[in-house]
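Below is the file upload_23.csv, which contains CSV, C-alpha atoms and all ligand atoms.
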```csv
chain,number,residue,atom,x,y,z
A,1463,MET,CA,97.1,-161.2,126.6
A,1464,THR,CA,96.7,-164.3,124.4
A,1465,ALA,CA,94.6,-163.7,121.3
A,1466,LYS,CA,91.4,-165.6,120.6
A,1467,ILE,CA,91.9,-167.0,117.2
A,1468,VAL,CA,88.8,-167.1,114.9
A,1469,CYS,CA,88.7,-168.3,111.3
A,1470,VAL,CA,86.0,-167.9,108.8
A,1471,ALA,CA,86.0,-170.9,106.6
A,1472,GLN,CA,83.8,-172.8,104.1
A,1473,ALA,CA,84.7,-174.9,101.1
A,1474,LYS,CA,82.1,-173.2,98.9
A,1475,GLY,CA,82.9,-169.9,97.2
A,1476,GLY,CA,80.9,-166.7,97.6
A,1477,VAL,CA,79.1,-167.6,100.8
A,1478,GLY,CA,80.1,-164.3,102.5
A,1479,LYS,CA,83.3,-165.3,104.4
A,1480,SER,CA,85.3,-162.1,103.6
A,1481,THR,CA,82.2,-159.8,104.2
A,1482,LEU,CA,81.6,-161.4,107.6
A,1483,CYS,CA,85.3,-161.3,108.5
A,1484,ALA,CA,85.6,-157.6,107.6
A,1485,ASN,CA,82.5,-156.7,109.6
A,1486,LEU,CA,83.5,-158.7,112.6
A,1487,CYS,CA,87.0,-157.2,112.6
A,1488,VAL,CA,85.6,-153.7,112.5
A,1489,THR,CA,83.0,-154.4,115.2
A,1490,LEU,CA,85.5,-156.1,117.5
A,1491,SER,CA,88.2,-153.4,116.9
A,1492,GLN,CA,85.9,-150.8,118.6
A,1493,SER,CA,87.2,-152.1,121.9
A,1494,ASN,CA,89.9,-154.7,121.1
A,1495,LYS,CA,93.2,-155.0,119.4
A,1496,VAL,CA,92.5,-157.0,116.2
A,1497,LEU,CA,94.8,-158.6,113.7
A,1498,MET,CA,93.3,-159.8,110.4
A,1499,ILE,CA,95.1,-162.5,108.4
A,1500,ASP,CA,94.0,-162.8,104.8
A,1501,CYS,CA,94.6,-166.5,103.8
A,1502,ASP,CA,92.9,-166.4,100.4
A,1503,PRO,CA,95.6,-166.2,97.7
A,1504,PRO,CA,95.7,-165.0,95.0
A,1505,GLN,CA,92.5,-163.0,95.2
A,1506,TYR,CA,93.1,-161.6,98.7
A,1507,SER,CA,89.8,-159.7,98.7
A,1508,LEU,CA,90.1,-158.8,102.4
A,1509,SER,CA,93.4,-157.1,101.6
A,1510,ALA,CA,91.8,-155.2,98.7
A,1511,TRP,CA,89.0,-154.0,101.1
A,1512,TYR,CA,91.6,-153.0,103.7
A,1513,GLN,CA,93.6,-151.1,101.1
A,1514,VAL,CA,90.6,-149.0,100.1
A,1515,ARG,CA,90.1,-148.0,103.8
A,1516,ASP,CA,93.8,-147.2,104.2
A,1517,ASP,CA,93.9,-145.1,101.0
A,1518,LEU,CA,91.0,-143.1,102.5
A,1519,TYR,CA,92.8,-142.8,105.8
A,1520,VAL,CA,90.0,-144.4,107.8
A,1521,GLU,CA,91.2,-144.8,111.3
A,1522,THR,CA,90.7,-148.5,111.8
A,1523,GLY,CA,92.7,-149.7,114.8
A,1524,LEU,CA,93.1,-152.8,112.7
A,1525,THR,CA,96.2,-154.5,111.3
A,1526,LEU,CA,96.1,-156.7,108.3
A,1527,THR,CA,98.6,-159.2,107.1
A,1528,ARG,CA,98.6,-162.1,104.6
A,1529,ALA,CA,99.7,-165.7,104.6
A,1530,SER,CA,99.9,-168.0,101.6
A,1531,THR,CA,101.3,-171.1,103.3
A,1532,ALA,CA,100.7,-173.1,106.5
A,1533,ALA,CA,104.2,-172.3,107.7
A,1534,GLN,CA,103.7,-168.5,107.2
A,1535,LEU,CA,100.4,-168.6,109.0
A,1536,ALA,CA,101.9,-170.5,112.0
A,1537,SER,CA,104.8,-168.0,112.2
A,1538,ILE,CA,102.4,-164.9,112.0
A,1539,ILE,CA,100.3,-166.3,114.8
A,1540,ASP,CA,103.2,-167.2,116.9
A,1541,LYS,CA,104.8,-163.8,116.6
A,1542,ASN,CA,101.5,-161.9,117.3
A,1543,LYS,CA,99.3,-163.8,119.6
A,1544,ALA,CA,100.6,-162.1,122.8
A,1545,ASP,CA,100.0,-158.7,121.4
A,1546,TYR,CA,96.3,-158.9,120.2
A,1547,ASP,CA,93.0,-159.7,121.7
A,1548,TYR,CA,91.7,-161.3,118.5
A,1549,ILE,CA,93.2,-162.8,115.4
A,1550,LEU,CA,90.7,-163.2,112.6
A,1551,ILE,CA,91.5,-165.3,109.6
A,1552,ASP,CA,89.7,-165.2,106.3
A,1553,GLY,CA,90.0,-168.5,104.3
A,1554,ALA,CA,89.9,-169.6,100.7
A,1555,PRO,CA,86.9,-171.4,99.2
A,1556,HIS,CA,88.7,-174.7,98.8
A,1557,VAL,CA,90.2,-177.4,101.0
A,1558,THR,CA,93.9,-176.6,100.9
A,1559,PRO,CA,96.8,-177.2,103.3
A,1560,LEU,CA,96.4,-173.5,104.3
A,1561,VAL,CA,92.7,-174.0,105.2
A,1562,ARG,CA,93.6,-177.2,107.2
A,1563,ALA,CA,96.3,-175.1,109.0
A,1564,MET,CA,93.7,-172.5,109.9
A,1565,LEU,CA,91.5,-175.1,111.5
A,1566,LEU,CA,94.4,-176.5,113.4
A,1567,GLN,CA,95.4,-173.1,114.8
A,1568,SER,CA,92.0,-171.6,115.7
A,1569,HIS,CA,89.8,-171.6,118.8
A,1570,LEU,CA,86.6,-171.1,116.7
A,1571,VAL,CA,85.7,-171.6,113.1
A,1572,LEU,CA,82.7,-169.7,111.8
A,1573,ILE,CA,81.0,-171.2,108.9
A,1574,PRO,CA,78.8,-168.9,106.9
A,1575,LEU,CA,75.9,-170.8,105.2
A,1576,ALA,CA,73.0,-169.5,103.2
A,1577,PRO,CA,69.8,-171.3,104.0
A,1578,SER,CA,69.3,-172.9,100.6
A,1579,SER,CA,69.5,-176.6,99.8
A,1580,VAL,CA,72.2,-176.1,97.2
A,1581,GLU,CA,74.6,-174.7,99.8
A,1582,ILE,CA,73.8,-177.5,102.3
A,1583,TRP,CA,74.7,-180.2,99.8
A,1584,SER,CA,78.4,-179.3,99.9
A,1585,PHE,CA,78.4,-178.7,103.6
A,1586,SER,CA,78.5,-182.3,104.8
A,1587,GLU,CA,81.9,-182.8,103.3
A,1588,PHE,CA,83.3,-179.7,105.0
A,1589,GLU,CA,81.7,-180.9,108.3
A,1590,GLY,CA,83.8,-184.0,108.0
A,1591,LEU,CA,87.0,-181.9,107.6
A,1592,ILE,CA,86.1,-180.0,110.8
A,1593,SER,CA,85.6,-183.2,112.8
A,1594,LYS,CA,89.0,-184.4,111.6
A,1595,ALA,CA,90.6,-181.1,112.6
A,1596,GLN,CA,88.9,-181.4,116.1
A,1597,LYS,CA,90.7,-184.7,116.7
A,1598,PHE,CA,94.0,-182.8,116.4
A,1599,ASN,CA,92.9,-179.5,117.8
A,1600,LYS,CA,90.9,-180.1,120.9
A,1601,ASN,CA,90.3,-176.4,121.4
A,1602,LEU,CA,88.5,-175.9,118.1
A,1603,ASN,CA,84.8,-174.9,118.4
A,1604,ALA,CA,82.7,-174.7,115.3
A,1605,ARG,CA,79.6,-172.7,114.6
A,1606,ILE,CA,77.4,-172.2,111.6
A,1607,ILE,CA,76.4,-168.6,111.0
A,1608,TRP,CA,73.4,-168.3,108.7
A,1609,ASN,CA,74.0,-165.6,106.2
A,1610,ARG,CA,71.9,-163.9,103.5
A,1611,VAL,CA,68.8,-165.0,105.4
A,1612,ARG,CA,65.5,-163.9,104.0
A,1613,ARG,CA,62.9,-163.6,106.7
A,1614,ARG,CA,59.6,-165.3,106.4
A,1615,VAL,CA,60.7,-167.5,103.5
A,1616,LYS,CA,59.3,-171.0,104.2
A,1617,SER,CA,62.0,-173.0,102.3
A,1618,SER,CA,64.8,-171.1,104.2
A,1619,GLU,CA,63.2,-171.9,107.6
A,1620,GLU,CA,63.0,-175.6,106.6
A,1621,VAL,CA,66.6,-175.7,105.5
A,1622,MET,CA,67.7,-174.2,108.8
A,1623,GLN,CA,65.5,-176.5,110.9
A,1624,LYS,CA,66.7,-179.6,109.0
A,1625,THR,CA,70.4,-178.6,109.3
A,1626,SER,CA,70.0,-178.0,113.1
A,1627,LYS,CA,68.6,-181.6,113.4
A,1628,GLU,CA,71.1,-183.3,111.2
A,1629,SER,CA,74.4,-181.4,111.8
A,1630,LYS,CA,76.7,-181.8,114.8
A,1631,ILE,CA,77.6,-178.2,114.4
A,1632,ALA,CA,75.3,-175.8,116.1
A,1633,ALA,CA,74.3,-172.4,114.6
A,1634,LEU,CA,74.8,-169.1,116.3
A,1635,LYS,CA,71.6,-167.5,117.4
A,1636,ASN,CA,72.4,-164.3,115.4
A,1637,GLN,CA,71.6,-164.5,111.8
A,1638,ILE,CA,72.8,-162.2,109.0
A,1639,THR,CA,70.0,-161.1,106.7
A,1640,PHE,CA,70.2,-160.5,103.0
A,1641,ARG,CA,70.9,-156.8,102.7
A,1642,VAL,CA,72.3,-154.6,100.0
A,1643,ALA,CA,74.1,-152.7,102.8
A,1644,TYR,CA,76.5,-155.7,103.2
A,1645,MET,CA,77.4,-155.6,99.5
A,1646,ASP,CA,77.8,-151.9,99.4
A,1647,SER,CA,79.7,-151.5,102.6
A,1648,PHE,CA,82.3,-154.2,101.7
A,1649,ALA,CA,82.8,-152.8,98.2
A,1650,GLU,CA,83.1,-149.2,99.5
A,1651,GLY,CA,85.7,-150.2,102.0
A,1652,PRO,CA,85.6,-147.2,104.3
A,1653,GLN,CA,82.6,-148.1,106.4
A,1654,GLN,CA,81.4,-151.5,107.5
A,1655,VAL,CA,77.9,-151.9,108.8
A,1656,TYR,CA,78.9,-151.1,112.4
A,1657,GLU,CA,80.1,-147.7,111.3
A,1658,ARG,CA,77.3,-146.6,109.0
A,1659,ASN,CA,74.8,-144.2,110.5
A,1660,ASP,CA,71.8,-146.1,109.3
A,1661,SER,CA,73.1,-149.3,110.7
A,1662,GLY,CA,71.4,-150.0,114.0
A,1663,THR,CA,69.9,-153.3,113.0
A,1664,LEU,CA,72.8,-154.4,111.0
A,1665,ALA,CA,75.3,-153.6,113.7
A,1666,ARG,CA,73.3,-155.8,116.1
A,1667,GLU,CA,73.3,-158.6,113.6
A,1668,ILE,CA,77.0,-158.6,113.3
A,1669,LEU,CA,77.6,-158.7,117.1
A,1670,VAL,CA,77.7,-162.5,116.9
A,1671,PHE,CA,80.0,-163.0,119.8
A,1672,GLU,CA,78.4,-165.1,122.2
A,1673,PHE,CA,81.8,-166.8,121.9
A,1674,CYS,CA,81.6,-170.5,122.3
A,1675,GLY,CA,83.8,-171.6,125.1
B,1701,LIG,N1,74.3,-160.7,104.2
B,1701,LIG,C1,74.6,-160.4,102.9
B,1701,LIG,N2,73.6,-159.8,102.2
B,1701,LIG,C2,73.8,-159.5,100.9
B,1701,LIG,N3,74.9,-159.7,100.2
B,1701,LIG,C3,75.9,-160.4,100.9
B,1701,LIG,C4,75.8,-160.7,102.2
B,1701,LIG,N4,76.9,-161.4,102.6
B,1701,LIG,C5,77.7,-161.4,101.5
B,1701,LIG,N5,77.1,-160.8,100.5
B,1701,LIG,C6,77.6,-160.6,99.1
B,1701,LIG,O1,77.9,-161.9,98.6
B,1701,LIG,C7,79.1,-161.8,97.7
B,1701,LIG,C8,80.1,-162.8,98.2
B,1701,LIG,O2,80.6,-162.3,99.5
B,1701,LIG,P1,82.1,-162.6,99.9
B,1701,LIG,O3,83.1,-162.1,98.9
B,1701,LIG,O4,82.2,-162.1,101.3
B,1701,LIG,O5,82.1,-164.2,99.9
B,1701,LIG,P2,83.3,-165.2,100.1
B,1701,LIG,O6,82.8,-166.4,100.7
B,1701,LIG,O7,84.4,-164.5,100.8
B,1701,LIG,O8,83.8,-165.4,98.6
B,1701,LIG,P3,85.1,-166.2,98.1
B,1701,LIG,O9,84.8,-167.6,98.3
B,1701,LIG,O10,85.2,-165.9,96.7
B,1701,LIG,O11,86.2,-165.7,98.9
B,1701,LIG,C9,79.5,-160.4,97.7
B,1701,LIG,O12,79.0,-159.7,96.6
B,1701,LIG,C10,78.9,-159.8,99.0
B,1701,LIG,O13,78.7,-158.4,99.0
B,1702,MG,MG,86.5,-164.2,100.3
```
Let's see the structure in the file written out as structure tokens.
Amino acid sequence: MTAKIVCVAQAKGGVGKSTLCANLCVTLSQSNKVLMIDCDPPQYSLSAWYQVRDDLYVETGLTLTRASTAAQLASIIDKNKADYDYILIDGAPHVTPLVRAMLLQSHLVLIPLAPSSVEIWSFSEFEGLISKAQKFNKNLNARIIWNRVRRRVKSSEEVMQKTSKESKIAALKNQITFRVAYMDSFAEGPQQVYERNDSGTLAREILVFEFCG
């Protein structure tokens, strides 16, 4: 087995990287061996979430580790890639050497974006970073994932349409809507949307893996 390596990255803070990463890990771990790497020092919010689950003895089938340098990340991936189906990496909201290393090691970068003009302003610079990384890492696919989408809001629809015309990076068909359940489930730790009883729609949203190539 050679792990598919997916990172969740965006230069902007608070766009939903860790929430998405946790939910994807839980969903994928239902039928795969998943390793999570928290690359967001010093806040390490994915680790805090994982600790809450662990303290409550939630059977996760997930393993979590941390990396704070590019060398550490490379060594963790090297040691583990033969033992896992997926390695998911949560990144920091800045462009750091560690974020660059994530992009150089991954097969897919998922970029959460909220459909508002303010979020899009900072995106073009990050897009430039991804194209640079793709020159060195020919295996790197990139996909936008629209997050905190409010249905039937005209301005959101316009931002998504404009981005799809102007950006070289395509968006996944699945969109994550704005829901309190995402906030609650991340903070509570034990159950992610896939595991909540009331989660039919949410679980479907998070099954984003029409994996790109
Ligand atoms: N789809 C969603 N609906 C509602 N709230 C959401 C959604 N996705 C994320 N959030 C909320 O947005 C906030 C930021 O999310 P999160 O911590 O995952 O972002 P982040 O990009 O990892 O932040 P940072 O850059 O600080 O690491 C949290 O309060 C989270 O619960
Ligand atoms: Mg985060």
Would you be able to write out as a list in words which residues have an atom within 9 Å of (94.4, -149.9, 115.3) in the file's coordinates, counting only C-alpha atoms? Ser1491, Asn1494, Lys1495, Val1496, Leu1497, Glu1521, Thr1522, Gly1523, Leu1524 and Thr1525 of chain A
Given all atoms listed in the file as the counted atoms, nearest of A:Ile1551, A:Ile1607, A:Ala1576, A:Leu1508 to ligand MG 1702 (chain B): A:Leu1508
Within 9 Å of ligand MG 1702 (chain B) (counting only C-alpha atoms and all ligand atoms), which residues show up? I'd like them as JSON, numbers by chain. {"A": [1475, 1476, 1477, 1478, 1479, 1480, 1481, 1483, 1500, 1502, 1505, 1506, 1507, 1508, 1552, 1553, 1554, 1555]}
Using only C-alpha atoms and all ligand atoms, the best pick from A:Lys1627, A:Arg1562, A:Arg1612, A:Lys1600 as closest to ligand LIG 1701 (chain B) would be A:Arg1612
Each side padded by 6 Å, which centre and which edge lengths in Å (one decimal) define the axis-aligned box around the listed atoms of ligand LIG 1701 (chain B)? Give them as AutoDock Vina command-line options.
```
--center_x 79.9 --center_y -163.0 --center_z 100.4 --size_x 24.6 --size_y 21.2 --size_z 19.6
```
Between A:Val1580, A:Ala1510, A:Ala1473, A:Val1557, which has the minimum distance to ligand LIG 1701 (chain B) (counting all atoms listed in the file)? A:Ala1473
Counting only C-alpha atoms and all ligand atoms, closest pick from A:Leu1602, A:Ile1573, A:Ala1465, A:Ala1544 relative to ligand LIG 1701 (chain B) is A:Ile1573
Atom CA of Lys1466 of chain A to atom CA of Gln1492 of chain A: how many Å, to one decimal? 15.9 Å
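Considering all atoms listed in the file, the residue among A:Lys1597, A:Ser1586, A:His1556, A:Ser1509 positioned nearest to ligand LIG 1701 (chain B) is A:His1556.
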